Amino acid sequence: MRLSPDQLVFWQHGFFKLNGTLVFTWALMALLAIGSKLITRQLSVDLTRARWQSLLEIIVTGIATQIEEVGLRHPRKYIGFFGTLFLFVALAALCTVFPGYEPPTASLSTTAALAICVFVAVPVFGIADQGVGGYLKTYLEPTIIMLPFNLISEASRTLALAVRLFGNMMSGAMIIGILLTITPFLFPIVMTVLGLLTGVVQAYIFSILAAVYIAAATRPRATTPAASPAT
Amino acid sequence: MIDWFTVCAQVINFVILAWLMKRFLFKPILAAIDARETLIAGELSAATSKQAAAESGRLAFEKKAGDFDQQRAALLSKATTDATVWREKMLADARQAADDLSAERRDALAAESKSIADAVGRRARQEVFAIARRTLNDLGGVSVQACIVDAFCRRVRATPGPTRARLGEALSSGSIPAVVRTAVELPAEGRAAVQQSLNETFAADVPLRYETVPALIGGIELVAGGHKVVWSIDEYLCSLEKGIAEVFGRKSVSAPDPVTATLGAAEGK
């Protein structure tokens with residue numbers, strides 16, 4: 001049994017390899033990009049519009065609203081990052097209904113890559129909002145003694161993000177695989193439905209946590225939220 | 001567990017996917033939403049403008065309607081007043097016309113009545129004179145003219161003192177001869193009698209000129225220097241005329257000549 005789609009290797013040449021994670025990721029990327037291109041090809045600015053356009057507008061405005069509710073004042077500046085994060089993770093989880101598909105988010109490499117992206121995005125957005133000095137000063141608050149703890153916090157929450165998403169996605173796929181061998185009919189269906197739900201919830205949680213981290217980096221310390229959402 | 005090549009590739013994949021999604025999904029969708037919001041805002045603004053214009057138009061219309069009502073009321077009031085004035089004027093004119101017509105009819109009736117009365121009086125005098133002439137002629141062959149001359153001569157002789165003095169002065173001082181008027185031409189005997197009575201009364205030779213005036217019917221009058229001596233049956237016929245006038249409802253009778261009346265009244269006594 002494969003624990004990760006990384007283990008499904010199609011081609012390898014030294015350090016370079018073509019595994020299942022990359023292939024499924026490219027498939028999801030193609031699906032998202034081509035679908036978006038097709039839907040947004042003929043957008044209507046009138047009061048009447050197509051159903052697909054309405055669906056996308058609902059999703060986009062929903063993401064923007066969530067970003068704003070987290071505390072980021074200009075959601076359009078961050079919607080490209082968080083929206084892609086959410087849609088990729090959610091679609092990776094939803095596609096588990098297709099036989100033979102393995103979510104790339106069930107690979108710790110993918111979740112680590114996403115966590116690294118968040119880890120990089122936090123200082124990038126923070127510096128863009130407050131400047132280099134303003135952002136670095138947040139590591140010295142409330143006192144300079146807190147500098148090591150703040151650095152540990154940055155590293156640990158990145159690791160927590162990666163492991164959390166990986167654990168949830170991998171465990172869901174693993175449970176379905178195990179139940180398929182034990183009770184081939186009833187339980188896998190129930191668990192698949194449950195997996196869809198938990199996959200979307202994990203996508204939401206991952207995106208919201210990333211937004212909270214960035215919001216904490218782009219705002220003064222005094223106005224940051226008192227506590228972060230927990231899984 | 002972690003394949004670092006895959007991690008690097010996934011990071012690159014995610015960056016590419018983020019760019020693709022921003023390029024093909026978020027940017028167009030947000031642009032469409034913005035365009036729609038702009039469109040709706042424009043329509044709302046246009047609707048607000050139209051509503052304001054409609055409100056302004058409604059207020060203007062209400063003001064015009066109010067002004068129109070006031071003008072209509074003013075015109076109606078003026079028309080009512082004019083009609084009332086015109087009606088009063090027309091009624092006054094109608095009353096005046098009716099009064100004028102009534103007065104005209106009354107005058108015409110009075111004139112007609114007077115004319116009838118005059119005609120009757122004239123006819124009565126003619127008839128009375130004719131009856132008297134026939135009667136006197138039948139009874140003793142006496143001429144009425146001779147009797148009238150005789151009566152005139154008696155009246156001249158019986159003229160009272162002051163009147164006689166004024167008349168004598170007029171007859172003697174005037175270079176124009178005194179005029180004797182009769183209804184028919186006076187015969188020579190009559191003229192002689194008249195001349196004689198005047199010469200005797202005023203002790204002078206009075207020059208006379210004779211004229212014929214048919215309207216006198218039965219009488220003689222002497223006119224000299226603004227004075228007049230008359231004998232006529234008119235005064236007797238006045239009572240007859242009065243009686244006739246009473247029959248026609250006349251209130252008054254035309255008064256006779258002052259001198260004649262005076263002399264006539266004296267003669268009657």
# chains A, B, ... in the order shown; residues from 1 in each chain; ligands from 1
call {"tool": "residues_around", "arguments": {"residues": "range 153-169 of chain A", "least_positions_apart": "3", "cutoff": "8 Å", "atoms": "only C-alpha atoms", "output": "mmCIF file with N, CA and C atoms, in the first residue's frame"}}
result
data_model
loop_
_atom_site.group_PDB
_atom_site.id
_atom_site.type_symbol
_atom_site.label_atom_id
_atom_site.label_comp_id
_atom_site.auth_asym_id
_atom_site.auth_seq_id
_atom_site.Cartn_x
_atom_site.Cartn_y
_atom_site.Cartn_z
ATOM 1 N N ALA A 93 -9.241 17.643 -2.770
ATOM 2 C CA ALA A 93 -10.039 16.765 -1.915
ATOM 3 C C ALA A 93 -11.301 16.290 -2.626
ATOM 4 N N PRO A 103 -5.172 12.293 -4.123
ATOM 5 C CA PRO A 103 -4.985 13.740 -3.952
ATOM 6 C C PRO A 103 -3.509 14.057 -3.736
ATOM 7 N N THR A 105 -2.427 16.468 -2.197
ATOM 8 C CA THR A 105 -2.288 17.008 -0.834
ATOM 9 C C THR A 105 -2.080 15.892 0.182
ATOM 10 N N ALA A 106 -2.277 14.622 -0.276
ATOM 11 C CA ALA A 106 -1.982 13.520 0.626
ATOM 12 C C ALA A 106 -0.487 13.255 0.687
ATOM 13 N N SER A 107 0.288 14.032 -0.079
ATOM 14 C CA SER A 107 1.746 13.925 -0.050
ATOM 15 C C SER A 107 2.301 14.995 0.868
ATOM 16 N N LEU A 108 3.156 14.588 1.761
ATOM 17 C CA LEU A 108 3.754 15.570 2.678
ATOM 18 C C LEU A 108 4.619 16.558 1.909
ATOM 19 N N THR A 111 2.087 19.298 0.849
ATOM 20 C CA THR A 111 1.667 20.146 1.987
ATOM 21 C C THR A 111 2.844 20.959 2.501
ATOM 22 N N ALA A 112 4.044 20.344 2.454
ATOM 23 C CA ALA A 112 5.219 21.114 2.869
ATOM 24 C C ALA A 112 5.486 22.254 1.905
ATOM 25 N N ALA A 113 5.281 21.975 0.621
ATOM 26 C CA ALA A 113 5.487 23.038 -0.370
ATOM 27 C C ALA A 113 4.489 24.170 -0.138
ATOM 28 N N LEU A 114 3.234 23.781 0.143
ATOM 29 C CA LEU A 114 2.222 24.830 0.407
ATOM 30 C C LEU A 114 2.565 25.595 1.681
ATOM 31 N N ALA A 115 3.042 24.872 2.705
ATOM 32 C CA ALA A 115 3.417 25.543 3.953
ATOM 33 C C ALA A 115 4.604 26.459 3.730
ATOM 34 N N ILE A 116 5.543 26.019 2.884
ATOM 35 C CA ILE A 116 6.682 26.884 2.571
ATOM 36 C C ILE A 116 6.222 28.139 1.845
ATOM 37 N N VAL A 118 3.336 29.578 2.224
ATOM 38 C CA VAL A 118 2.765 30.465 3.253
ATOM 39 C C VAL A 118 3.889 31.094 4.065
ATOM 40 N N PHE A 119 4.862 30.266 4.383
ATOM 41 C CA PHE A 119 5.991 30.751 5.182
ATOM 42 C C PHE A 119 6.696 31.906 4.465
ATOM 43 N N PHE A 149 11.676 33.160 20.495
ATOM 44 C CA PHE A 149 10.353 32.504 20.566
ATOM 45 C C PHE A 149 9.510 32.840 19.325
ATOM 46 N N ASN A 150 9.668 34.056 18.853
ATOM 47 C CA ASN A 150 8.938 34.429 17.640
ATOM 48 C C ASN A 150 9.448 33.652 16.429
ATOM 49 N N GLY A 172 -7.471 10.363 5.313
ATOM 50 C CA GLY A 172 -8.727 10.097 4.610
ATOM 51 C C GLY A 172 -8.525 9.096 3.496
ATOM 52 N N ALA A 173 -7.489 9.250 2.723
ATOM 53 C CA ALA A 173 -7.235 8.329 1.623
ATOM 54 C C ALA A 173 -6.863 6.944 2.156
ATOM 55 N N THR A 198 -14.547 16.655 4.942
ATOM 56 C CA THR A 198 -13.326 17.007 5.683
ATOM 57 C C THR A 198 -12.294 17.650 4.773
ATOM 58 N N GLY A 199 -12.296 17.260 3.503
ATOM 59 C CA GLY A 199 -11.351 17.871 2.565
ATOM 60 C C GLY A 199 -11.639 19.345 2.364
ATOM 61 N N GLN A 202 -10.759 21.150 5.513
ATOM 62 C CA GLN A 202 -9.312 21.329 5.632
ATOM 63 C C GLN A 202 -8.811 22.437 4.705
ATOM 64 N N PHE A 206 -6.904 25.535 6.196
ATOM 65 C CA PHE A 206 -5.557 25.859 5.728
ATOM 66 C C PHE A 206 -5.487 27.298 5.226
#
call {"tool": "select_by_dssp", "arguments": {"residues": "range 5-223 of chain A", "states": "strand (DSSP E or B)", "output": "list in words"}}
result
Val9, Phe10, Trp11, Gln12, His13, Phe16, Lys17, Leu18 and Asn19 of chain A
call {"tool": "residues_around", "arguments": {"residues": "Ala30 in chain A", "least_positions_apart": "5", "cutoff": "9 Å", "atoms": "only C-alpha atoms", "output": "mmCIF file with N, CA, C and O atoms, in the first residue's frame"}}
result
data_model
loop_
_atom_site.group_PDB
_atom_site.id
_atom_site.type_symbol
_atom_site.label_atom_id
_atom_site.label_comp_id
_atom_site.auth_asym_id
_atom_site.auth_seq_id
_atom_site.Cartn_x
_atom_site.Cartn_y
_atom_site.Cartn_z
ATOM 1 N N THR A 25 -1.103 16.883 -9.654
ATOM 2 C CA THR A 25 -1.091 18.352 -9.478
ATOM 3 C C THR A 25 -1.252 19.063 -10.817
ATOM 4 O O THR A 25 -2.032 20.019 -10.947
ATOM 5 N N GLY A 35 -10.652 25.435 -17.001
ATOM 6 C CA GLY A 35 -12.038 25.731 -16.592
ATOM 7 C C GLY A 35 -12.250 27.225 -16.389
ATOM 8 O O GLY A 35 -13.249 27.800 -16.853
ATOM 9 N N LEU B 17 0.353 28.145 -10.698
ATOM 10 C CA LEU B 17 -1.116 28.058 -10.582
ATOM 11 C C LEU B 17 -1.708 29.365 -10.048
ATOM 12 O O LEU B 17 -2.750 29.828 -10.527
#
call {"tool": "interface_residues", "arguments": {"of": "chain A", "to": "chain B", "cutoff": "7 Å", "atoms": "only C-alpha atoms", "output": "ChimeraX atom specification"}}
result
/A:15-16,29,33,36-37,40,43-46,57,60,80-81,84,108-110,112-114,117
call {"tool": "closest_residue", "arguments": {"among": "A:Phe187, A:Leu8, A:Glu141, A:Ala90", "to": "Ile205 in chain A", "atoms": "only C-alpha atoms"}}
result
A:Ala90
call {"tool": "residues_around", "arguments": {"residues": "range 153-167 of chain B", "least_positions_apart": "4", "cutoff": "8 Å", "atoms": "only C-alpha atoms", "output": "PyMOL selection string"}}
result
chain B and resi 149+171+193-194+197-198+201-202+224-225+227+229+231+267
call {"tool": "closest_residue", "arguments": {"among": "B:Ser239, B:Asn199, B:Thr182, B:Ser56", "to": "Ala146 in chain B", "atoms": "only C-alpha atoms"}}
result
B:Thr182
call {"tool": "atom_distance", "arguments": {"atom1": "CA of Ile214 in chain A", "atom2": "CA of Tyr139 in chain A"}}
result
13.8 Å
call {"tool": "closest_residue", "arguments": {"among": "A:Gly83, A:Ser4, A:Arg49, A:Leu179", "to": "Thr61 in chain A", "atoms": "only C-alpha atoms"}}
result
A:Gly83
call {"tool": "atom_distance", "arguments": {"atom1": "CA of Val190 in chain A", "atom2": "CA of Gly177 in chain A"}}
result
12.7 Å
call {"tool": "atom_distance", "arguments": {"atom1": "CA of Thr218 in chain A", "atom2": "CA of Asp129 in chain A"}}
result
5.7 Å
call {"tool": "select_by_dssp", "arguments": {"residues": "range 70-131 of chain A", "states": "alpha helix (DSSP H)", "output": "PyMOL selection string"}}
result
chain A and resi 70+75-94+108-131
call {"tool": "residues_around", "arguments": {"residues": "Glu221 in chain B", "least_positions_apart": "6", "cutoff": "6 Å", "atoms": "only C-alpha atoms", "output": "list of chain:residue names"}}
result
B:Val180, B:Arg181, B:Val229, B:Val230
call {"tool": "write_last_selection", "arguments": {"atoms": "C-alpha atoms", "output": "PDB file, in the first residue's frame"}}
result
ATOM      1  CA  VAL B 180    -111.024 142.693 -37.626  1.00  0.00           C
ATOM      2  CA  ARG B 181    -111.089 138.914 -38.155  1.00  0.00           C
ATOM      3  CA  VAL B 229    -111.484 142.254 -28.150  1.00  0.00           C
ATOM      4  CA  VAL B 230    -113.309 139.069 -29.004  1.00  0.00           C
TER       5      VAL B 230
END
